[in-house]
Every structure is written in C-alpha cells, then in structure tokens.
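Trainee: Below is the file protein-v5.cif, which contains mmCIF, C-alpha atoms (C1' of nucleotides).
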```cif
data_work
#
loop_
_atom_site.label_atom_id
_atom_site.label_comp_id
_atom_site.auth_asym_id
_atom_site.auth_seq_id
_atom_site.Cartn_x
_atom_site.Cartn_y
_atom_site.Cartn_z
CA MET A 358 49.96 -68.00 -39.30
CA PRO A 359 47.60 -68.81 -42.16
CA SER A 360 49.13 -68.22 -45.55
CA ARG A 361 47.66 -65.93 -48.19
CA ALA A 362 47.82 -68.72 -50.76
CA PRO A 363 44.59 -70.60 -51.50
CA ARG A 364 44.14 -73.70 -49.38
CA ASP A 365 41.92 -76.59 -50.27
CA THR A 366 38.79 -76.23 -52.35
CA GLN A 367 36.47 -76.39 -49.40
CA ASP A 368 38.02 -73.34 -47.78
CA ARG A 369 38.09 -71.42 -51.04
CA ILE A 370 34.40 -72.13 -51.51
CA LEU A 371 33.70 -70.89 -48.01
CA ASP A 372 35.70 -67.71 -48.55
CA VAL A 373 33.91 -66.81 -51.76
CA ALA A 374 30.49 -67.80 -50.43
CA GLU A 375 31.07 -65.76 -47.28
CA ARG A 376 31.77 -62.60 -49.21
CA LEU A 377 28.84 -63.16 -51.56
CA LEU A 378 26.56 -63.73 -48.58
CA GLN A 379 27.75 -60.61 -46.80
CA VAL A 380 27.33 -58.44 -49.89
CA ARG A 381 24.27 -59.94 -51.58
CA GLY A 382 22.38 -61.86 -48.89
CA PHE A 383 21.60 -65.57 -48.69
CA ASN A 384 19.08 -65.41 -51.55
CA GLY A 385 21.28 -63.12 -53.60
CA PHE A 386 23.93 -65.61 -54.69
CA SER A 387 23.93 -69.09 -56.21
CA TYR A 388 26.23 -72.07 -56.58
CA ALA A 389 26.84 -70.82 -60.12
CA ASP A 390 28.25 -67.54 -58.77
CA ILE A 391 30.74 -69.36 -56.58
CA ALA A 392 31.64 -71.84 -59.33
CA SER A 393 32.36 -69.21 -61.96
CA GLU A 394 34.51 -67.21 -59.57
CA LEU A 395 36.59 -70.25 -58.60
CA ARG A 396 36.56 -71.62 -62.14
CA ILE A 397 35.20 -74.95 -61.06
CA ARG A 398 31.89 -76.62 -61.80
CA ASN A 399 28.63 -76.37 -59.99
CA ALA A 400 28.67 -80.07 -59.12
CA SER A 401 32.02 -79.74 -57.37
CA ILE A 402 30.48 -77.43 -54.83
CA HIS A 403 27.65 -79.87 -54.22
CA HIS A 404 30.31 -82.51 -53.50
CA HIS A 405 31.63 -80.43 -50.60
CA PHE A 406 28.30 -78.92 -49.54
CA PRO A 407 25.41 -81.12 -50.70
CA THR A 408 22.75 -78.49 -50.08
CA LYS A 409 22.80 -74.72 -49.77
CA ALA A 410 21.57 -75.16 -46.20
CA ASP A 411 24.72 -77.18 -45.46
CA LEU A 412 26.83 -74.39 -46.88
CA GLY A 413 24.94 -71.81 -44.86
CA VAL A 414 25.30 -73.72 -41.61
CA ARG A 415 29.04 -74.04 -42.12
CA LEU A 416 29.44 -70.36 -42.98
CA LEU A 417 27.51 -69.39 -39.88
CA ALA A 418 29.54 -71.64 -37.58
CA ARG A 419 32.82 -70.46 -39.06
CA TYR A 420 31.91 -66.79 -38.74
CA ARG A 421 30.76 -67.22 -35.18
CA GLU A 422 33.97 -69.02 -34.20
CA SER A 423 36.09 -66.44 -35.95
CA PHE A 424 34.31 -63.63 -34.15
CA ALA A 425 34.63 -65.40 -30.80
CA HIS A 426 38.34 -65.69 -31.49
CA SER A 427 38.55 -61.95 -32.16
CA LEU A 428 36.84 -61.24 -28.85
CA GLU A 429 39.36 -63.43 -27.02
CA THR A 430 42.18 -61.55 -28.73
CA ILE A 431 40.76 -58.25 -27.52
CA GLU A 432 40.53 -59.67 -23.99
CA ARG A 433 44.11 -60.91 -24.04
CA ALA A 434 45.43 -57.59 -25.32
CA GLY A 435 44.30 -56.09 -22.00
CA GLY A 436 43.57 -52.45 -21.35
CA ASP A 437 40.49 -50.86 -19.86
CA ALA A 438 36.87 -51.29 -20.97
CA ARG A 439 37.00 -48.17 -23.13
CA ARG A 440 39.86 -49.62 -25.12
CA LYS A 441 38.10 -52.96 -25.50
CA LEU A 442 34.95 -51.30 -26.80
CA ARG A 443 36.92 -49.28 -29.31
CA GLN A 444 38.62 -52.40 -30.59
CA TYR A 445 35.26 -54.10 -30.75
CA ALA A 446 33.87 -51.26 -32.88
CA ARG A 447 36.92 -51.50 -35.11
CA LEU A 448 36.06 -55.15 -35.78
CA TYR A 449 32.80 -53.95 -37.29
CA ALA A 450 34.40 -51.06 -39.16
CA ASN A 451 36.80 -53.48 -40.83
CA VAL A 452 33.90 -55.56 -42.13
CA VAL A 453 32.27 -52.54 -43.79
CA ARG A 454 35.59 -51.32 -45.12
CA GLU A 455 36.23 -54.68 -46.77
CA LYS A 456 34.22 -54.43 -49.99
CA ASN A 457 31.23 -52.86 -48.31
CA ARG A 458 30.27 -56.06 -46.51
CA MET A 459 27.51 -56.33 -43.92
CA CYS A 460 28.00 -58.35 -40.74
CA LEU A 461 27.24 -61.93 -41.80
CA CYS A 462 24.72 -62.39 -39.02
CA GLY A 463 23.17 -59.00 -39.54
CA MET A 464 22.63 -60.00 -43.16
CA LEU A 465 21.18 -63.36 -42.15
CA ALA A 466 18.93 -61.59 -39.66
CA SER A 467 17.36 -59.72 -42.56
CA ASP A 468 17.03 -62.97 -44.52
CA LEU A 469 15.62 -64.83 -41.53
CA GLY A 470 12.15 -65.32 -42.96
CA THR A 471 13.51 -67.38 -45.86
CA LEU A 472 16.35 -69.16 -44.07
CA PRO A 473 16.56 -72.98 -43.82
CA ARG A 474 15.52 -74.02 -40.32
CA PRO A 475 18.96 -75.22 -39.15
CA MET A 476 20.43 -71.77 -39.78
CA ARG A 477 18.04 -69.75 -37.68
CA THR A 478 19.31 -70.70 -34.24
CA GLY A 479 22.86 -69.87 -35.28
CA VAL A 480 21.99 -66.24 -35.90
CA LYS A 481 20.56 -65.82 -32.41
CA GLY A 482 23.59 -67.62 -30.98
CA PHE A 483 25.89 -65.05 -32.54
CA PHE A 484 23.92 -62.18 -31.07
CA ASP A 485 23.82 -63.93 -27.69
CA ASP A 486 27.62 -64.32 -27.73
CA ASN A 487 28.10 -60.67 -28.50
CA GLU A 488 25.61 -59.45 -25.94
CA ALA A 489 27.21 -61.54 -23.23
CA TRP A 490 30.70 -60.29 -24.03
CA LEU A 491 29.60 -56.67 -24.28
CA GLY A 492 27.69 -57.02 -21.03
CA ARG A 493 30.82 -58.16 -19.21
CA VAL A 494 32.95 -55.36 -20.66
CA LEU A 495 30.34 -52.73 -19.84
CA GLU A 496 30.00 -53.96 -16.26
CA GLU A 497 33.77 -53.97 -15.86
CA GLY A 498 33.94 -50.42 -17.24
CA ARG A 499 31.27 -49.13 -14.93
CA LYS A 500 32.84 -50.71 -11.88
CA SER A 501 36.24 -49.24 -12.68
CA GLY A 502 34.67 -45.87 -13.40
CA VAL A 503 35.71 -45.44 -17.02
CA LEU A 504 32.20 -45.98 -18.38
CA ARG A 505 28.88 -44.46 -17.41
CA PHE A 506 25.42 -45.62 -18.42
CA GLY A 507 21.95 -46.12 -16.98
CA GLY A 508 20.14 -49.42 -16.58
CA SER A 509 21.66 -52.89 -16.54
CA ALA A 510 24.87 -53.76 -18.36
CA ARG A 511 23.02 -56.42 -20.31
CA ALA A 512 20.37 -53.96 -21.47
CA HIS A 513 23.05 -51.53 -22.54
CA ALA A 514 24.89 -54.31 -24.33
CA ARG A 515 21.78 -54.79 -26.46
CA LEU A 516 21.77 -51.11 -27.30
CA VAL A 517 25.43 -51.16 -28.32
CA LEU A 518 25.00 -54.29 -30.45
CA SER A 519 21.85 -52.96 -32.14
CA SER A 520 23.42 -49.59 -32.82
CA LEU A 521 26.52 -51.05 -34.44
CA GLU A 522 24.54 -53.50 -36.58
CA GLY A 523 22.23 -50.68 -37.65
CA ALA A 524 25.14 -48.36 -38.34
CA MET A 525 26.62 -50.97 -40.68
CA LEU A 526 23.30 -51.43 -42.44
CA VAL A 527 22.79 -47.71 -43.05
CA ALA A 528 26.44 -46.90 -43.86
CA ARG A 529 26.45 -49.61 -46.53
CA SER A 530 23.60 -47.86 -48.34
CA TYR A 531 25.84 -44.86 -48.82
CA GLU A 532 28.92 -46.99 -49.47
CA ASP A 533 30.61 -44.82 -46.90
CA VAL A 534 32.60 -46.32 -44.03
CA SER A 535 33.06 -42.95 -42.41
CA ARG A 536 29.32 -42.92 -41.81
CA PHE A 537 29.69 -46.05 -39.72
CA GLU A 538 32.67 -44.64 -37.90
CA SER A 539 30.98 -41.38 -36.92
CA VAL A 540 28.01 -43.24 -35.45
CA ALA A 541 30.28 -45.63 -33.54
CA GLU A 542 32.24 -42.64 -32.26
CA ARG A 543 29.11 -40.93 -30.91
CA LEU A 544 27.94 -44.15 -29.32
CA LEU A 545 31.23 -44.70 -27.50
CA GLU A 546 31.68 -41.08 -26.49
CA ASP A 547 28.29 -41.11 -24.82
CA LEU A 548 29.41 -44.14 -22.84
CA GLU A 549 32.72 -42.79 -21.70
CA ALA A 550 32.44 -41.09 -18.37
CA ARG A 551 32.71 -37.32 -18.74
CA SER A 552 33.96 -35.11 -15.95
CA MET B 1118 -10.67 -41.99 -43.97
CA PRO B 1119 -9.50 -44.95 -46.01
CA SER B 1120 -11.79 -47.97 -45.70
CA ARG B 1121 -10.67 -51.41 -44.56
CA ALA B 1122 -12.23 -52.96 -47.65
CA PRO B 1123 -9.89 -53.90 -50.50
CA ARG B 1124 -9.54 -51.16 -53.06
CA ASP B 1125 -8.45 -51.68 -56.64
CA THR B 1126 -6.12 -54.46 -57.68
CA GLN B 1127 -3.11 -52.22 -57.91
CA ASP B 1128 -3.34 -51.26 -54.26
CA ARG B 1129 -3.95 -54.81 -53.15
CA ILE B 1130 -0.86 -55.92 -55.05
CA LEU B 1131 1.15 -53.19 -53.36
CA ASP B 1132 -0.13 -54.16 -49.91
CA VAL B 1133 0.75 -57.82 -50.30
CA ALA B 1134 4.09 -57.09 -51.96
CA GLU B 1135 4.99 -54.64 -49.23
CA ARG B 1136 4.47 -57.19 -46.51
CA LEU B 1137 6.36 -59.89 -48.42
CA LEU B 1138 9.23 -57.49 -49.02
CA GLN B 1139 9.40 -56.46 -45.36
CA VAL B 1140 9.35 -60.07 -44.15
CA ARG B 1141 11.31 -61.92 -46.84
CA GLY B 1142 13.44 -59.31 -48.60
CA PHE B 1143 13.35 -58.20 -52.24
CA ASN B 1144 14.84 -61.48 -53.48
CA GLY B 1145 12.71 -63.56 -51.14
CA PHE B 1146 9.36 -63.24 -52.87
CA SER B 1147 8.09 -63.63 -56.42
CA TYR B 1148 5.15 -62.55 -58.55
CA ALA B 1149 3.78 -66.04 -57.98
CA ASP B 1150 3.66 -65.43 -54.22
CA ILE B 1151 1.62 -62.28 -54.68
CA ALA B 1152 -0.63 -63.89 -57.28
CA SER B 1153 -1.51 -66.94 -55.18
CA GLU B 1154 -2.30 -64.80 -52.17
CA LEU B 1155 -4.62 -62.53 -54.16
CA ARG B 1156 -6.01 -65.42 -56.19
CA ILE B 1157 -5.20 -63.75 -59.45
CA ARG B 1158 -2.75 -64.73 -62.18
CA ASN B 1159 0.87 -63.89 -62.53
CA ALA B 1160 0.25 -62.00 -65.77
CA SER B 1161 -2.23 -59.67 -64.07
CA ILE B 1162 0.51 -58.37 -61.85
CA HIS B 1163 2.72 -57.73 -64.85
CA HIS B 1164 -0.11 -55.70 -66.33
CA HIS B 1165 0.05 -53.30 -63.38
CA PHE B 1166 3.79 -53.53 -62.75
CA PRO B 1167 5.59 -54.65 -65.94
CA THR B 1168 8.86 -55.49 -64.16
CA LYS B 1169 9.78 -56.26 -60.59
CA ALA B 1170 11.91 -53.13 -60.60
CA ASP B 1171 8.77 -51.11 -61.38
CA LEU B 1172 7.02 -52.73 -58.44
CA GLY B 1173 9.99 -52.05 -56.19
CA VAL B 1174 10.20 -48.39 -57.15
CA ARG B 1175 6.52 -47.91 -56.43
CA LEU B 1176 6.75 -49.69 -53.08
CA LEU B 1177 9.68 -47.55 -52.10
CA ALA B 1178 8.00 -44.28 -53.08
CA ARG B 1179 4.79 -45.25 -51.32
CA TYR B 1180 6.58 -46.23 -48.10
CA ARG B 1181 8.62 -43.06 -48.10
CA GLU B 1182 5.55 -40.88 -48.58
CA SER B 1183 3.63 -42.76 -45.93
CA PHE B 1184 6.48 -42.33 -43.47
CA ALA B 1185 6.79 -38.64 -44.29
CA HIS B 1186 3.10 -38.31 -43.60
CA SER B 1187 3.55 -39.98 -40.19
CA LEU B 1188 6.29 -37.50 -39.36
CA GLU B 1189 4.00 -34.60 -40.23
CA THR B 1190 1.32 -36.08 -38.01
CA ILE B 1191 3.75 -36.23 -35.11
CA GLU B 1192 4.71 -32.62 -35.74
CA ARG B 1193 1.10 -31.46 -35.83
CA ALA B 1194 0.27 -33.30 -32.62
CA GLY B 1195 2.64 -30.92 -30.88
CA GLY B 1196 4.35 -31.54 -27.57
CA ASP B 1197 8.02 -31.34 -26.70
CA ALA B 1198 10.93 -33.09 -28.42
CA ARG B 1199 10.86 -35.97 -25.93
CA ARG B 1200 7.31 -36.72 -26.85
CA LYS B 1201 8.04 -36.52 -30.58
CA LEU B 1202 10.94 -38.94 -30.25
CA ARG B 1203 8.82 -41.40 -28.33
CA GLN B 1204 6.14 -41.29 -30.99
CA TYR B 1205 8.83 -41.73 -33.62
CA ALA B 1206 10.11 -44.85 -31.85
CA ARG B 1207 6.56 -46.15 -31.63
CA LEU B 1208 6.33 -45.90 -35.43
CA TYR B 1209 9.16 -48.41 -35.62
CA ALA B 1210 7.77 -50.63 -32.87
CA ASN B 1211 4.49 -50.89 -34.74
CA VAL B 1212 6.31 -52.17 -37.82
CA VAL B 1213 7.99 -54.98 -35.88
CA ARG B 1214 4.80 -55.80 -34.02
CA GLU B 1215 2.95 -56.19 -37.30
CA LYS B 1216 3.88 -59.72 -38.39
CA ASN B 1217 7.53 -59.32 -37.48
CA ARG B 1218 8.22 -56.94 -40.32
CA MET B 1219 11.48 -55.10 -40.86
CA CYS B 1220 11.54 -51.44 -41.90
CA LEU B 1221 11.09 -51.58 -45.67
CA CYS B 1222 14.15 -49.43 -46.27
CA GLY B 1223 16.23 -51.28 -43.71
CA MET B 1224 15.38 -54.46 -45.58
CA LEU B 1225 16.24 -52.88 -48.91
CA ALA B 1226 19.49 -51.62 -47.42
CA SER B 1227 20.51 -55.22 -46.78
CA ASP B 1228 19.46 -56.16 -50.33
CA LEU B 1229 21.23 -53.16 -51.83
CA GLY B 1230 23.89 -55.16 -53.67
CA THR B 1231 21.26 -56.94 -55.77
CA LEU B 1232 18.79 -54.09 -56.18
CA PRO B 1233 17.78 -52.70 -59.60
CA ARG B 1234 19.57 -49.38 -60.13
CA PRO B 1235 16.47 -47.15 -59.94
CA MET B 1236 15.70 -48.40 -56.44
CA ARG B 1237 19.03 -47.60 -54.82
CA THR B 1238 18.69 -43.85 -54.59
CA GLY B 1239 15.27 -44.21 -52.96
CA VAL B 1240 16.73 -46.05 -49.99
CA LYS B 1241 19.19 -43.27 -49.29
CA GLY B 1242 16.44 -40.72 -49.73
CA PHE B 1243 14.42 -42.37 -46.99
CA PHE B 1244 17.34 -42.30 -44.60
CA ASP B 1245 18.06 -38.69 -45.52
CA ASP B 1246 14.45 -37.72 -44.76
CA ASN B 1247 14.61 -39.39 -41.36
CA GLU B 1248 17.97 -37.94 -40.44
CA ALA B 1249 16.82 -34.45 -41.33
CA TRP B 1250 13.64 -34.75 -39.28
CA LEU B 1251 15.42 -36.29 -36.31
CA GLY B 1252 18.09 -33.61 -36.52
CA ARG B 1253 15.48 -30.86 -36.25
CA VAL B 1254 13.72 -32.52 -33.31
CA LEU B 1255 16.99 -33.13 -31.47
CA GLU B 1256 18.09 -29.55 -31.96
CA GLU B 1257 14.73 -28.29 -30.74
CA GLY B 1258 14.96 -30.54 -27.68
CA ARG B 1259 18.43 -29.42 -26.80
CA LYS B 1260 17.53 -25.75 -27.14
CA SER B 1261 14.49 -26.13 -24.93
CA GLY B 1262 16.49 -28.14 -22.42
CA VAL B 1263 14.52 -31.39 -22.49
CA LEU B 1264 17.25 -33.31 -24.34
CA ARG B 1265 20.96 -33.62 -23.71
CA PHE B 1266 23.59 -35.02 -26.06
CA GLY B 1267 27.13 -34.32 -27.26
CA GLY B 1268 28.16 -33.42 -30.79
CA SER B 1269 25.98 -32.02 -33.53
CA ALA B 1270 22.25 -32.71 -33.75
CA ARG B 1271 22.76 -34.18 -37.20
CA ALA B 1272 25.43 -36.60 -35.97
CA HIS B 1273 23.19 -37.68 -33.13
CA ALA B 1274 20.31 -38.10 -35.55
CA ARG B 1275 22.42 -40.65 -37.40
CA LEU B 1276 23.03 -42.53 -34.18
CA VAL B 1277 19.32 -42.61 -33.34
CA LEU B 1278 18.36 -43.78 -36.83
CA SER B 1279 21.06 -46.46 -36.90
CA SER B 1280 20.18 -47.71 -33.44
CA LEU B 1281 16.49 -48.07 -34.21
CA GLU B 1282 17.12 -49.80 -37.55
CA GLY B 1283 19.58 -52.15 -35.86
CA ALA B 1284 17.22 -52.80 -32.99
CA MET B 1285 14.53 -53.86 -35.45
CA LEU B 1286 16.96 -56.13 -37.26
CA VAL B 1287 18.11 -57.89 -34.11
CA ALA B 1288 14.68 -58.05 -32.43
CA ARG B 1289 13.24 -59.71 -35.51
CA SER B 1290 15.73 -62.58 -35.13
CA TYR B 1291 14.20 -63.37 -31.77
CA GLU B 1292 10.67 -62.63 -32.98
CA ASP B 1293 10.37 -60.51 -29.89
CA VAL B 1294 9.05 -56.94 -30.07
CA SER B 1295 9.91 -56.31 -26.44
CA ARG B 1296 13.55 -56.62 -27.41
CA PHE B 1297 13.12 -53.68 -29.76
CA GLU B 1298 11.23 -51.73 -27.16
CA SER B 1299 13.83 -52.15 -24.44
CA VAL B 1300 16.60 -50.95 -26.74
CA ALA B 1301 14.54 -47.95 -27.86
CA GLU B 1302 13.79 -47.18 -24.23
CA ARG B 1303 17.49 -47.14 -23.28
CA LEU B 1304 18.31 -44.99 -26.29
CA LEU B 1305 15.70 -42.39 -25.39
CA GLU B 1306 16.40 -42.39 -21.68
CA ASP B 1307 20.03 -41.62 -22.38
CA LEU B 1308 18.91 -38.64 -24.43
CA GLU B 1309 16.48 -37.20 -21.96
CA ALA B 1310 18.12 -34.64 -19.78
CA ARG B 1311 18.61 -35.85 -16.23
CA SER B 1312 18.51 -32.81 -14.04
"C1'" DG C 728 -8.05 -55.92 -66.79
"C1'" DT C 729 -7.72 -60.62 -66.46
"C1'" DC C 730 -6.95 -64.79 -68.40
"C1'" DT C 731 -4.19 -69.06 -70.88
"C1'" DA C 732 -0.16 -70.34 -72.88
"C1'" DT C 733 4.42 -70.13 -73.37
"C1'" DA C 734 9.26 -68.89 -73.37
"C1'" DA C 735 14.13 -68.21 -71.84
"C1'" DG C 736 16.95 -68.38 -68.18
"C1'" DA C 737 18.31 -69.34 -63.46
"C1'" DT C 738 18.47 -72.40 -59.49
"C1'" DG C 739 19.23 -76.24 -56.35
"C1'" DA C 740 20.23 -80.75 -56.97
"C1'" DT C 741 21.59 -85.79 -58.69
"C1'" DA C 742 23.71 -89.73 -61.57
"C1'" DG C 743 27.47 -91.54 -63.26
"C1'" DA C 744 32.03 -91.29 -66.11
"C1'" DC C 745 36.90 -90.23 -65.40
"C1'" DG D 786 37.39 -84.75 -56.27
"C1'" DT D 787 36.10 -82.96 -60.47
"C1'" DC D 788 33.82 -83.36 -64.50
"C1'" DT D 789 29.57 -83.73 -68.15
"C1'" DA D 790 24.93 -84.32 -68.56
"C1'" DT D 791 20.55 -83.93 -67.04
"C1'" DC D 792 16.57 -82.85 -63.80
"C1'" DA D 793 12.43 -80.57 -61.99
"C1'" DT D 794 11.22 -76.41 -60.49
"C1'" DC D 795 10.96 -71.57 -60.07
"C1'" DT D 796 11.26 -66.85 -61.87
"C1'" DT D 797 10.64 -62.94 -64.66
"C1'" DA D 798 8.49 -61.77 -68.60
"C1'" DT D 799 5.63 -61.57 -73.19
"C1'" DA D 800 1.86 -62.59 -76.76
"C1'" DG D 801 -2.59 -62.74 -77.63
"C1'" DA D 802 -7.58 -64.40 -76.65
"C1'" DC D 803 -11.64 -62.96 -74.00
#
```
What would the structure in this file look like if it were written as structure tokens?

Mentor:
Amino acid sequence: MPSRAPRDTQDRILDVAERLLQVRGFNGFSYADIASELRIRNASIHHHFPTKADLGVRLLARYRESFAHSLETIERAGGDARRKLRQYARLYANVVREKNRMCLCGMLASDLGTLPRPMRTGVKGFFDDNEAWLGRVLEEGRKSGVLRFGGSARAHARLVLSSLEGAMLVARSYEDVSRFESVAERLLEDLEARS
Amino acid sequence: MPSRAPRDTQDRILDVAERLLQVRGFNGFSYADIASELRIRNASIHHHFPTKADLGVRLLARYRESFAHSLETIERAGGDARRKLRQYARLYANVVREKNRMCLCGMLASDLGTLPRPMRTGVKGFFDDNEAWLGRVLEEGRKSGVLRFGGSARAHARLVLSSLEGAMLVARSYEDVSRFESVAERLLEDLEARS
DNA sequence: GTCTATAAGATGATAGAC
DNA sequence: GTCTATCATCTTATAGAC
C-alpha cells in the first residue's frame, strides 16, 4: 500500500502537476506554479523533467497506467456487466469530485492543438484503451442479457466514453458533481435491459 | 444576407479569434497570433478590445447569440422532434468539420479554471440555453410518440448535450469527423421510438 | 483607427556553484 | 539534487505620434 507521506521529489512534482493539468489545462500552469507549491525552485523541476513536454509525456503515461490498473481491479472484483459499468462511471465521478478535476486525457484532448507532438498519440491511446474495455464489457452484458443496446458493442462503447467525458466537461462548469452523476445514471439506465 | 467579403476590423478580429479559441483554447492564442494573421499590429487589437477578457466576453456573447439563432431557424423549419434533433446534431458536426474546431463553450468549459471572472457565467448560460431547447424538443417528441426515453425530458436533455460535447472532444483527438457522426447517430437512434 | 515604441511580468530553459 | 543567476522570448497592455 502506498503511504500518504510524500515520496521523492519526482513523484511530488508529478502529483502537483497532474492536478494543475486537470484543473487548468496544459497551457494553464507553469513550472513556477509547481515550484511555489512544493517550495522548491524552478530549476529543480527542470532537473527531473528537462522540458515541459517531458513532464507531459510522463503525466500521460502515468495516468494511462493508473487507469488501466483501475480497469483490471474492476474486472477482478467480478460481478455482471451492469456492475462493472457502474464502477467504471464511479471512476469518473471520483475525478470530478476531487477538486473539480477534468479527466486528464479529456483535458489534453481540448488542448490537442497546442500539445507537443510526443503527447498527442498518448491521448488517443487512452481513449483506445477505454473503448476496447467498454466494448468487451458491453458485449458480455448483451450476451448475458443484462444489457440492451442497438448497433455494435464497439460503437456503443464510443457513445458511453463520449457521454461520460462530455458529462465531466459540462458538470465542471457548474462545479456540481451531481450533474455528472445524473447524466451517468440516465446513460446506464438506458443500457440496462428493461422488462 | 451577409457578404463573404471582410467587414470592419472588429468583425475580422472576432472571426480569427473565434477560430483560434475553438482550436487552441483561450490560453493557446495571443493578440500576436491574431495580429499576424490579419496583418495589423498588436496595438490595433487593443484599440477594439482593450483586454483579452473583453475579447473573450464578446466572443462568448456572439457565439451564444449565433447558436440561439440557429435553434430558432430549426424551429421555424418545422418538422417533427426527430428531425429537429438531427438538425441540432448537424450543427455540432459542422463545427468539427470546419478545421477540427471544438464547440466554443465546450472549449471554454475546459479552460474554466483560468478564465477571467466575467466569462464564466456566459459558459453556463450557453449550456442552459441548449438544455432548455433540447428539453422542449424531447418533450414534444415524446408526446407525439416519435421519441422514447426514460426519466424527465430535462434530464435527458442533459444527457444529449453532454454526449454531443463529449463526442466532439474525443473525435477531435482523432481528427475524424466521422467519429463524431457515428456517436451522434447511435445517440439519436436510441431515442427514436422503435415500434 | 492604426501605427511605433516601450514596459512589466511571465515562461520555458540553461550554466554553474554548492 | 538543489540552489542562484541569467537568458531569450512571449504576452498583455499602455502612451503618444500620425
């Protein structure tokens, strides 16, 4: 179990930078913001992450791995597809709840036009991961009869992913998590087989 | 009918700034970007829009009015709720198609944490407008039997708005309009009453 | 209304001492 | 690994001539 206590400087930089990125966007924070919060100097951050692109690439990789780990945890917990989808939606709800953050990759998607080249592929990779996982869960749910939807599982996975990302984006504008939750609830209810 | 020819400087500034904002975000463009594109000087822009916040407020108001006008046009064209929703979705598709733009307010929603105070309320206002309109159309469609959905019309309006905003956000990452269109298609098909 | 000139501050980044 | 010092550049913004 990871401790609550601060680990090495590199991790503390990543933690602060991650939050700043999720709240303010990639162009909305600077090395100075991180430095002042950690009470270190600007140059120290450059020692660990020479360029902002380096920092961004590391943040992206870490977030993607962390999310993949969460998906594995949901899988291992078992239960039917309905349950998995609800836990998946809760993952997103927790992000919004935590200081009104946006999904890191949703935020980067909006910043895409100004992103350093090496970061762009990572954003798509994250969405690909999520679509693939959702596609499998949806297919499983349809086969077992607990979910109902038209079209291919993969196409519906895209709808679910888009809807949740959009729900985060809009809910954040109102600083109201419950707005996210009510949209997620409608989305899932429509999927769950009635009758 | 508005002509294609450039009008006064103020409007040309707004047109360029709008595109830059929709592609790069509010923190992703500068007065210098606008100036070089219009081949005028930085100071000329400040003459028309003293601060960037002023420019942002005007862009927001203009976009909101323009969108409201589009909604009225859809209303006047008549037809059933299905048709109105499809035209509404096409509004969004056209934005993405045009140089891979994001909805101006969706973009501002992601920038919200760094936005000048006077701009924040405008973003919510845009979403409120859209939710209200969608709510009316959904209700009308359910009453006339061409649409089917659970829960309140207003709650479903939030789902539709969130899904379309999210679909734009994700589709932009792939620079692929068809990705937006397929998600919108699934969303609408699920709404349309199957006998 | 547009220009030149200029300012004050932020930003990403590097060199080199400790 | 962290610091001080310094950098070129960008960004928003203003003063004042034309």

Trainee: Name the residues that the PyMOL selection byres ((chain A) within 8 of (chain B)) picks from the file above, as a ChimeraX atom specification, using the file's chain letters and numbers.

Mentor: /A:380-382,384-385,459,463-464,466-471,477,480-481,484,506-508,512-513,515-516,518-524,526-527,529-531,539-541,543-544,547

Trainee: When all Cα positions are paired in order and chain A is fitted onto chain B, what RMSD is left, to one decimal?

Mentor: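 For chain B versus chain A, the C-alpha RMSD is 0.1 Å.
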
Trainee: Return as a list in words the set of residues that the PyMOL selection byres ((chain D) within 10 of (chain B)) yields on the displayed structure.

Mentor: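 What the PyMOL selection byres ((chain D) within 10 of (chain B)) grabs from the file is DC795, DT796, DT797, DA798 and DT799 of chain D.
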
Trainee: Would you kindly translate the PyMOL selection byres ((chain C) within 9 of (chain A)) into the concrete residues it picks from this file, as a list in words?

Mentor: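 With the PyMOL selection byres ((chain C) within 9 of (chain A)) on this model, the match is DT738, DG739 and DA740 of chain C.
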
Trainee: CA of Leu371 (chain A) to CA of Arg474 (chain A): how many Å, to one decimal?

Mentor: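 Atom-to-atom, CA of Leu371 (chain A) to CA of Arg474 (chain A), that is 20.0 Å.
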
Trainee: Show me, as a list of chain:residue names, the residues that have an atom within 12 Å of DG786 (chain D) when counting only C-alpha atoms (C1' of nucleotides), minus same-chain residues fewer than 6 positions from it.

Mentor: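 Using only C-alpha atoms (C1' of nucleotides), the neighbours found are A:Asp365, A:Thr366, A:Gln367, A:Ile397, A:Arg398, A:Ala400, A:Ser401, A:Ile402, A:His403, A:His404, A:His405, C:DC745.
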
Trainee: So how far away is CA of Arg447 (chain A) from CA of Val373 (chain A), in Å?

Mentor: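 So the answer is 22.8 Å.
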
Trainee: Can you tell me, as a ChimeraX atom specification, which residues sit within 12 Å of (19.5, -86.1, -67.6) in the file's frame, using all atoms listed in the file?

Mentor: /C:740-743 /D:789-793

Trainee: What is the CA of Gly498 (chain A) to CA of Leu461 (chain A) distance in Å?

Mentor: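 Computing the Euclidean distance for CA of Gly498 (chain A) and CA of Leu461 (chain A) yields 27.9 Å.
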
Trainee: I'd like the neighbourhood of DG801 (chain D) as a PyMOL selection string, where a residue qualifies if any of its atoms comes within 12 Å (using all atoms listed in the file), though same-chain residues fewer than 4 positions away should be ignored.

Mentor: chain C and resi 730-733

Trainee: Export C-alpha atoms (C1' of nucleotides) of the chosen residues as a PDB file, in the frame of the given file?

Mentor:
```
ATOM      1  C1'  DC C 730      -6.950 -64.790 -68.400  1.00  0.00           C
ATOM      2  C1'  DT C 731      -4.190 -69.060 -70.880  1.00  0.00           C
ATOM      3  C1'  DA C 732      -0.160 -70.340 -72.880  1.00  0.00           C
ATOM      4  C1'  DT C 733       4.420 -70.130 -73.370  1.00  0.00           C
TER       5       DT C 733
END
```

Trainee: Quick one: everything within 12 Å of Lys500 (chain A), counting only C-alpha atoms (C1' of nucleotides), minus sequence neighbours fewer than 6 positions away in the same chain. Send it as a list in words.

Mentor: Asp437, Ala438, Arg493, Val494, Phe506, Ala510 and Ala550 of chain A
